[in-house]
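Q: Below are the structure tokens for one structure; questions will follow.
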Amino acid sequence: ALHLPPISAHVDPSWIKVGKPSFNVAAYAQSPDGRSFSGVWSCDGPATFEWHFGADETVYVLDGRVEIDYQGQHFVLVKGDSAVFHAETSAVWHVPVHVRKSYTLYHTNWPVRMARRALKALTQP
């Protein structure tokens, strides 16, 4: 049987901007090298919070709705939508009522992180 490490369903209180979000998370898979994890995450709102990504994350919305501000873009995700967020970035999530997503976290290696930082430095005014 596969034993996955527990994942905290709590966030840093300073991330919460409005409301009292209720989070639930359950991991269901881990890669053999320990670099990626998959699971299901949900949030009940209404709430607005900032999320800081410690790993690359691909999400697929299973139900509900979330409005997201990410790297200068505003978009809405609903059932059937997907998005990719990069490590070392953050997004503001507004959950009007409820959202549930499947996620995969992938811990990138240092050359990828360094290349992203260099590209960001070159493209910022």
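We name chains A, B, ... following the order of the structure tokens; residues begin at 1 in each chain, and ligands are numbered from 1 as shown.
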So which bits of chain A end up strand (DSSP E or B) when you DSSP the backbone, as a PyMOL selection string?
A: chain A and resi 16-19+22-30+36-44+47-53+56-70+73-78+82-85+89-95+98-106
Q: Kindly export the residues of the current selection with C-alpha atoms, as an mmCIF file, in the first residue's frame.
A:
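To be explicit, this is the file written out as selection23.cif:
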data_model
loop_
_atom_site.group_PDB
_atom_site.id
_atom_site.type_symbol
_atom_site.label_atom_id
_atom_site.label_comp_id
_atom_site.auth_asym_id
_atom_site.auth_seq_id
_atom_site.Cartn_x
_atom_site.Cartn_y
_atom_site.Cartn_z
ATOM 1 C CA ILE A 16 -6.722 35.201 4.012
ATOM 2 C CA LYS A 17 -8.049 38.551 2.825
ATOM 3 C CA VAL A 18 -11.823 38.133 3.298
ATOM 4 C CA GLY A 19 -14.010 35.495 4.946
ATOM 5 C CA SER A 22 -12.833 26.019 4.963
ATOM 6 C CA PHE A 23 -10.256 23.859 3.152
ATOM 7 C CA ASN A 24 -10.177 20.099 2.660
ATOM 8 C CA VAL A 25 -7.419 18.132 0.952
ATOM 9 C CA ALA A 26 -6.696 14.480 0.253
ATOM 10 C CA ALA A 27 -3.691 13.178 -1.663
ATOM 11 C CA TYR A 28 -4.223 10.084 -3.793
ATOM 12 C CA ALA A 29 -0.950 9.572 -5.689
ATOM 13 C CA GLN A 30 2.788 10.195 -5.450
ATOM 14 C CA SER A 36 4.979 14.943 -7.832
ATOM 15 C CA PHE A 37 1.772 14.480 -5.877
ATOM 16 C CA SER A 38 -1.867 14.403 -6.934
ATOM 17 C CA GLY A 39 -4.993 14.883 -4.899
ATOM 18 C CA VAL A 40 -8.323 16.597 -4.464
ATOM 19 C CA TRP A 41 -8.638 19.997 -2.767
ATOM 20 C CA SER A 42 -11.762 21.959 -1.936
ATOM 21 C CA CYS A 43 -12.664 25.278 -0.397
ATOM 22 C CA ASP A 44 -15.971 26.538 0.954
ATOM 23 C CA ALA A 47 -13.667 33.823 0.850
ATOM 24 C CA THR A 48 -10.782 35.621 -0.809
ATOM 25 C CA PHE A 49 -7.221 34.521 -0.143
ATOM 26 C CA GLU A 50 -3.751 34.669 -1.603
ATOM 27 C CA TRP A 51 -2.192 31.334 -2.523
ATOM 28 C CA HIS A 52 1.593 30.945 -2.719
ATOM 29 C CA PHE A 53 2.753 28.114 -4.986
ATOM 30 C CA ASP A 56 4.284 23.849 -10.199
ATOM 31 C CA GLU A 57 0.589 23.018 -9.973
ATOM 32 C CA THR A 58 -1.878 21.869 -12.596
ATOM 33 C CA VAL A 59 -5.519 22.055 -11.548
ATOM 34 C CA TYR A 60 -8.725 20.662 -13.028
ATOM 35 C CA VAL A 61 -11.962 22.010 -11.550
ATOM 36 C CA LEU A 62 -14.358 19.220 -10.596
ATOM 37 C CA ASP A 63 -17.189 21.485 -9.434
ATOM 38 C CA GLY A 64 -17.898 24.996 -8.250
ATOM 39 C CA ARG A 65 -16.370 28.274 -9.309
ATOM 40 C CA VAL A 66 -13.306 30.362 -8.503
ATOM 41 C CA GLU A 67 -12.199 33.789 -9.720
ATOM 42 C CA ILE A 68 -8.418 34.160 -9.905
ATOM 43 C CA ASP A 69 -5.983 37.063 -10.296
ATOM 44 C CA TYR A 70 -2.647 35.651 -11.443
ATOM 45 C CA GLN A 73 -4.575 38.301 -15.544
ATOM 46 C CA HIS A 74 -8.083 37.845 -14.173
ATOM 47 C CA PHE A 75 -9.950 34.672 -15.090
ATOM 48 C CA VAL A 76 -12.719 32.389 -13.867
ATOM 49 C CA LEU A 77 -12.496 28.615 -13.566
ATOM 50 C CA VAL A 78 -15.609 26.424 -13.451
ATOM 51 C CA SER A 82 -7.936 23.659 -16.037
ATOM 52 C CA ALA A 83 -4.995 25.947 -15.330
ATOM 53 C CA VAL A 84 -1.272 25.772 -14.617
ATOM 54 C CA PHE A 85 0.481 27.793 -11.911
ATOM 55 C CA THR A 89 4.376 32.671 -7.839
ATOM 56 C CA SER A 90 1.157 33.602 -6.079
ATOM 57 C CA ALA A 91 -2.469 34.168 -7.014
ATOM 58 C CA VAL A 92 -5.502 35.730 -5.362
ATOM 59 C CA TRP A 93 -8.428 33.297 -5.287
ATOM 60 C CA HIS A 94 -12.019 34.394 -4.699
ATOM 61 C CA VAL A 95 -14.372 31.519 -3.931
ATOM 62 C CA HIS A 98 -17.478 26.408 -3.235
ATOM 63 C CA VAL A 99 -14.780 25.006 -5.493
ATOM 64 C CA ARG A 100 -13.333 21.501 -5.710
ATOM 65 C CA LYS A 101 -10.339 20.683 -7.869
ATOM 66 C CA SER A 102 -8.050 17.835 -8.712
ATOM 67 C CA TYR A 103 -4.431 18.927 -8.545
ATOM 68 C CA THR A 104 -0.988 17.698 -9.441
ATOM 69 C CA LEU A 105 2.029 19.303 -7.782
ATOM 70 C CA TYR A 106 5.384 18.931 -9.479
#
Q: Rank A:Glu88, A:Gln71, A:Val97, A:Trp15 by their smallest atom-to-atom distance to Gln124 (chain A), using only C-alpha atoms, and report the top residue only.
A: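 Result for the nearest residue to Gln124 (chain A): A:Gln71.
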Q: Distance CA of Pro13 (chain A)-CA of Pro46 (chain A), one decimal place?
A: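 Between CA of Pro13 (chain A) and CA of Pro46 (chain A) the gap works out to 15.6 Å.
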Q: Taking the DSSP assignment computed from this structure's backbone, write out as an MDAnalysis selection string all residues of chain A that belong to alpha helix (DSSP H).
A: chainID A and resid 110:123
Q: Next, dump the selected residues to file, keeping only N, CA, C and O atoms, as a PDB file, in the first residue's frame.
A:
ATOM      1  N   TRP A 110      16.310  22.567  -9.929  1.00  0.00           N
ATOM      2  CA  TRP A 110      16.883  23.916  -9.831  1.00  0.00           C
ATOM      3  C   TRP A 110      17.203  24.539 -11.181  1.00  0.00           C
ATOM      4  O   TRP A 110      17.046  25.746 -11.329  1.00  0.00           O
ATOM      5  N   PRO A 111      17.627  23.816 -12.228  1.00  0.00           N
ATOM      6  CA  PRO A 111      17.868  24.502 -13.510  1.00  0.00           C
ATOM      7  C   PRO A 111      16.602  25.150 -14.084  1.00  0.00           C
ATOM      8  O   PRO A 111      16.652  26.239 -14.645  1.00  0.00           O
ATOM      9  N   VAL A 112      15.465  24.487 -13.904  1.00  0.00           N
ATOM     10  CA  VAL A 112      14.201  25.056 -14.387  1.00  0.00           C
ATOM     11  C   VAL A 112      13.868  26.319 -13.607  1.00  0.00           C
ATOM     12  O   VAL A 112      13.499  27.344 -14.176  1.00  0.00           O
ATOM     13  N   ARG A 113      14.005  26.263 -12.286  1.00  0.00           N
ATOM     14  CA  ARG A 113      13.716  27.446 -11.466  1.00  0.00           C
ATOM     15  C   ARG A 113      14.647  28.602 -11.823  1.00  0.00           C
ATOM     16  O   ARG A 113      14.217  29.750 -11.915  1.00  0.00           O
ATOM     17  N   MET A 114      15.928  28.316 -12.034  1.00  0.00           N
ATOM     18  CA  MET A 114      16.880  29.369 -12.380  1.00  0.00           C
ATOM     19  C   MET A 114      16.566  29.970 -13.753  1.00  0.00           C
ATOM     20  O   MET A 114      16.651  31.188 -13.941  1.00  0.00           O
ATOM     21  N   ALA A 115      16.195  29.142 -14.709  1.00  0.00           N
ATOM     22  CA  ALA A 115      15.852  29.643 -16.046  1.00  0.00           C
ATOM     23  C   ALA A 115      14.619  30.536 -15.977  1.00  0.00           C
ATOM     24  O   ALA A 115      14.564  31.588 -16.630  1.00  0.00           O
ATOM     25  N   ARG A 116      13.633  30.158 -15.187  1.00  0.00           N
ATOM     26  CA  ARG A 116      12.439  30.993 -15.034  1.00  0.00           C
ATOM     27  C   ARG A 116      12.781  32.341 -14.415  1.00  0.00           C
ATOM     28  O   ARG A 116      12.269  33.376 -14.818  1.00  0.00           O
ATOM     29  N   ARG A 117      13.634  32.332 -13.392  1.00  0.00           N
ATOM     30  CA  ARG A 117      14.038  33.589 -12.753  1.00  0.00           C
ATOM     31  C   ARG A 117      14.774  34.487 -13.741  1.00  0.00           C
ATOM     32  O   ARG A 117      14.540  35.694 -13.780  1.00  0.00           O
ATOM     33  N   ALA A 118      15.649  33.905 -14.540  1.00  0.00           N
ATOM     34  CA  ALA A 118      16.403  34.700 -15.530  1.00  0.00           C
ATOM     35  C   ALA A 118      15.454  35.282 -16.573  1.00  0.00           C
ATOM     36  O   ALA A 118      15.570  36.456 -16.932  1.00  0.00           O
ATOM     37  N   LEU A 119      14.523  34.483 -17.055  1.00  0.00           N
ATOM     38  CA  LEU A 119      13.554  34.978 -18.038  1.00  0.00           C
ATOM     39  C   LEU A 119      12.697  36.078 -17.445  1.00  0.00           C
ATOM     40  O   LEU A 119      12.462  37.118 -18.105  1.00  0.00           O
ATOM     41  N   LYS A 120      12.280  35.911 -16.206  1.00  0.00           N
ATOM     42  CA  LYS A 120      11.473  36.958 -15.543  1.00  0.00           C
ATOM     43  C   LYS A 120      12.263  38.252 -15.431  1.00  0.00           C
ATOM     44  O   LYS A 120      11.742  39.329 -15.694  1.00  0.00           O
ATOM     45  N   ALA A 121      13.537  38.161 -15.053  1.00  0.00           N
ATOM     46  CA  ALA A 121      14.375  39.350 -14.920  1.00  0.00           C
ATOM     47  C   ALA A 121      14.555  40.047 -16.263  1.00  0.00           C
ATOM     48  O   ALA A 121      14.592  41.282 -16.331  1.00  0.00           O
ATOM     49  N   LEU A 122      14.643  39.288 -17.337  1.00  0.00           N
ATOM     50  CA  LEU A 122      14.822  39.864 -18.668  1.00  0.00           C
ATOM     51  C   LEU A 122      13.557  40.519 -19.208  1.00  0.00           C
ATOM     52  O   LEU A 122      13.627  41.456 -19.997  1.00  0.00           O
ATOM     53  N   THR A 123      12.404  40.032 -18.792  1.00  0.00           N
ATOM     54  CA  THR A 123      11.141  40.527 -19.357  1.00  0.00           C
ATOM     55  C   THR A 123      10.459  41.596 -18.517  1.00  0.00           C
ATOM     56  O   THR A 123       9.489  42.180 -18.954  1.00  0.00           O
TER      57      THR A 123
END
Q: How many Å separate CA of Thr108 (chain A) from CA of Lys79 (chain A)?
A: 27.3 Å
Q: Between CA of Arg35 (chain A) and CA of Gly80 (chain A), what is the spacing in Å?
A: 25.6 Å
